[in-house]
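A.B. asks: For reference, this is data_2.cif, and it has mmCIF, C-alpha atoms, pLDDT in the B column; chains and numbers go by the auth columns.
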```
data_start
loop_
_atom_site.group_PDB
_atom_site.id
_atom_site.type_symbol
_atom_site.label_atom_id
_atom_site.label_comp_id
_atom_site.label_asym_id
_atom_site.label_seq_id
_atom_site.Cartn_x
_atom_site.Cartn_y
_atom_site.Cartn_z
_atom_site.B_iso_or_equiv
_atom_site.auth_seq_id
_atom_site.auth_asym_id
ATOM 1 C CA VAL A 1 -124.434 -120.869 143.240 46.00 34 E
ATOM 2 C CA SER A 2 -122.131 -120.774 140.241 47.00 35 E
ATOM 3 C CA GLU A 3 -120.461 -123.837 138.757 50.00 36 E
ATOM 4 C CA ASN A 4 -117.114 -122.611 140.088 53.00 37 E
ATOM 5 C CA ALA A 5 -118.357 -122.301 143.668 56.00 38 E
ATOM 6 C CA VAL A 6 -116.509 -124.457 146.160 56.00 39 E
ATOM 7 C CA MET A 7 -118.390 -125.927 149.068 74.00 40 E
ATOM 8 C CA LEU A 8 -115.767 -125.662 151.803 84.00 41 E
ATOM 9 C CA SER A 9 -115.916 -127.398 155.159 92.00 42 E
ATOM 10 C CA VAL A 10 -113.084 -127.659 157.661 95.00 43 E
ATOM 11 C CA TYR A 11 -113.251 -129.732 160.825 97.00 44 E
ATOM 12 C CA PRO A 12 -112.759 -130.226 163.674 97.00 45 E
ATOM 13 C CA ASN A 13 -112.729 -126.612 164.824 97.00 46 E
ATOM 14 C CA PRO A 14 -110.963 -126.078 167.113 97.00 47 E
ATOM 15 C CA THR A 15 -108.342 -128.624 166.105 96.00 48 E
ATOM 16 C CA SER A 16 -105.481 -130.152 168.034 95.00 49 E
ATOM 17 C CA GLY A 17 -103.464 -130.687 164.860 94.00 50 E
ATOM 18 C CA LYS A 18 -105.337 -132.886 162.396 96.00 51 E
ATOM 19 C CA LEU A 19 -107.581 -130.769 160.173 96.00 52 E
ATOM 20 C CA PHE A 20 -109.876 -132.202 157.522 96.00 53 E
ATOM 21 C CA VAL A 21 -110.647 -129.998 154.524 94.00 54 E
ATOM 22 C CA ASN A 22 -113.542 -130.958 152.269 92.00 55 E
ATOM 23 C CA SER A 23 -113.592 -128.908 149.077 83.00 56 E
ATOM 24 C CA GLY A 24 -115.848 -131.042 146.905 83.00 57 E
ATOM 25 C CA ASP A 25 -114.722 -133.362 144.125 82.00 58 E
ATOM 26 C CA GLU A 26 -112.740 -130.942 141.957 83.00 59 E
ATOM 27 C CA PRO A 27 -109.012 -130.697 142.783 87.00 60 E
ATOM 28 C CA LYS A 28 -108.188 -127.365 144.389 90.00 61 E
ATOM 29 C CA MET A 29 -105.319 -125.770 146.271 94.00 62 E
ATOM 30 C CA VAL A 30 -105.697 -125.157 150.003 95.00 63 E
ATOM 31 C CA GLU A 31 -103.725 -122.345 151.587 97.00 64 E
ATOM 32 C CA ILE A 32 -103.443 -121.799 155.329 97.00 65 E
ATOM 33 C CA PHE A 33 -102.453 -118.338 156.514 98.00 66 E
ATOM 34 C CA SER A 34 -101.596 -116.844 159.872 97.00 67 E
ATOM 35 C CA LEU A 35 -103.658 -113.836 160.939 96.00 68 E
ATOM 36 C CA THR A 36 -100.698 -111.646 159.927 96.00 69 E
ATOM 37 C CA GLY A 37 -101.076 -112.898 156.344 96.00 70 E
ATOM 38 C CA ASP A 38 -98.099 -115.269 156.230 97.00 71 E
ATOM 39 C CA LEU A 39 -98.656 -118.341 154.027 98.00 72 E
ATOM 40 C CA ILE A 40 -97.912 -121.345 156.236 97.00 73 E
ATOM 41 C CA ILE A 41 -99.221 -124.378 154.328 97.00 74 E
ATOM 42 C CA LYS A 42 -100.077 -124.828 150.650 97.00 75 E
ATOM 43 C CA GLN A 43 -101.123 -128.195 149.291 95.00 76 E
ATOM 44 C CA PRO A 44 -103.580 -129.662 146.798 93.00 77 E
ATOM 45 C CA VAL A 45 -106.916 -131.019 148.022 90.00 78 E
ATOM 46 C CA ALA A 46 -109.633 -133.063 146.362 87.00 79 E
ATOM 47 C CA GLY A 47 -112.598 -134.403 148.265 88.00 80 E
ATOM 48 C CA THR A 48 -111.724 -134.688 151.953 92.00 81 E
ATOM 49 C CA THR A 49 -108.023 -134.178 152.671 93.00 82 E
ATOM 50 C CA LEU A 50 -106.132 -134.375 155.963 95.00 83 E
ATOM 51 C CA ILE A 51 -103.914 -131.374 156.739 95.00 84 E
ATOM 52 C CA ASP A 52 -101.358 -131.903 159.503 96.00 85 E
ATOM 53 C CA MET A 53 -101.158 -128.719 161.603 95.00 86 E
ATOM 54 C CA SER A 54 -99.590 -130.397 164.644 95.00 87 E
ATOM 55 C CA SER A 55 -96.275 -128.559 164.204 95.00 88 E
ATOM 56 C CA LEU A 56 -97.948 -125.124 164.213 95.00 89 E
ATOM 57 C CA PRO A 57 -98.289 -123.026 167.355 96.00 90 E
ATOM 58 C CA GLU A 58 -101.675 -122.542 168.993 96.00 91 E
ATOM 59 C CA GLY A 59 -103.691 -119.725 167.501 97.00 92 E
ATOM 60 C CA THR A 60 -106.168 -118.721 164.839 97.00 93 E
ATOM 61 C CA TYR A 61 -105.569 -119.464 161.160 98.00 94 E
ATOM 62 C CA LEU A 62 -107.349 -118.737 157.901 97.00 95 E
ATOM 63 C CA VAL A 63 -108.002 -121.638 155.528 96.00 96 E
ATOM 64 C CA LYS A 64 -108.521 -120.553 151.914 95.00 97 E
ATOM 65 C CA VAL A 65 -109.775 -122.728 149.065 92.00 98 E
ATOM 66 C CA GLY A 66 -110.644 -120.802 145.927 88.00 99 E
ATOM 67 C CA SER A 67 -112.496 -117.692 147.047 90.00 100 E
ATOM 68 C CA ASN A 68 -113.778 -119.365 150.225 92.00 101 E
ATOM 69 C CA ILE A 69 -112.132 -118.622 153.560 94.00 102 E
ATOM 70 C CA ALA A 70 -112.749 -120.354 156.884 95.00 103 E
ATOM 71 C CA LYS A 71 -111.314 -119.330 160.249 96.00 104 E
ATOM 72 C CA ILE A 72 -110.032 -122.143 162.457 97.00 105 E
ATOM 73 C CA THR A 73 -108.424 -122.319 165.885 97.00 106 E
ATOM 74 C CA LYS A 74 -105.536 -124.618 166.753 97.00 107 E
ATOM 75 C CA GLN A 75 -105.325 -125.579 170.400 96.00 108 E
#
```
What would you get if you wrote out this structure as structure tokens?
C.D. replies:
Amino acid sequence: VSENAVMLSVYPNPTSGKLFVNSGDEPKMVEIFSLTGDLIIKQPVAGTTLIDMSSLPEGTYLVKVGSNIAKITKQ
């Protein structure tokens, strides 16, 4: 594991709207994409950050922090 590696955890999955992103202590940028590649949300994260996805339609999304990508489902 390199020093620049980001330990990424996102929960709960599936989510009903409130998504927690834990990217470690270093400030990073989280980007949430639709499966078609559209950037939907972009905001800074540090430690555990709450992302409000309640206004998004149900479906599968990709959460990217650094080079790490997690797939989540919104119900």
A.B. asks: Excluding same-chain residues fewer than 3 positions from Asn46 of chain E, what lies within 12 Å of it counting only C-alpha atoms, as a list in words?
C.D. replies: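 Selected residues are Ser42, Val43, Ser49, Gly50, Lys51, Leu52, Phe53, Val54, Gly92, Thr93, Tyr94, Leu95, Val96, Ala103, Lys104, Ile105, Thr106, Lys107 and Gln108 of chain E.
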A.B. asks: Can you translate the PyMOL selection byres ((chain E and resi 66) around 10) into the concrete residues it hits in this file, as a list in words?
C.D. replies: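 Checked against the file, the PyMOL selection byres ((chain E and resi 66) around 10) matches Val63, Glu64, Ile65, Ser67, Leu68, Thr69, Gly70, Asp71, Leu72, Ile73, Ile74, Lys75, Thr93, Tyr94, Leu95, Val96, Lys97 and Lys104 of chain E.
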A.B. asks: Could you tell me how far atom CA of Ile102 of chain E lies from atom CA of Leu41 of chain E, in Å and to one decimal?
C.D. replies: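 Pair atom CA of Ile102 of chain E / atom CA of Leu41 of chain E returns 8.1 Å.
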A.B. asks: Could you tell me which of E:Thr82, E:Ser87, E:Gln76, E:Ser56 comes closest to Ser100 of chain E if we count all atoms listed in the file?
C.D. replies: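 Looking only at the distances to Ser100 of chain E, the closest residue turns out to be E:Ser56.
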A.B. asks: Measuring atom to atom with all atoms listed in the file, identify which of E:Gly99, E:Pro60, E:Gly80, E:Pro90 is nearest to Thr48 of chain E.
C.D. replies: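 Of E:Gly99, E:Pro60, E:Gly80, E:Pro90, the one nearest Thr48 of chain E, counting all atoms listed in the file, is E:Pro90.
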A.B. asks: To one decimal place in Å, what is the distance between atom CA of Ile84 of chain E and atom CA of Gly57 of chain E?
C.D. replies: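 Interatomic distance, atom CA of Ile84 of chain E to atom CA of Gly57 of chain E: 15.5 Å.
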A.B. asks: Tell me, in Å to one decimal, how far atom CA of Glu59 of chain E is from atom CA of Met86 of chain E.
C.D. replies: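 Atom CA of Glu59 of chain E sits 22.9 Å away from atom CA of Met86 of chain E.
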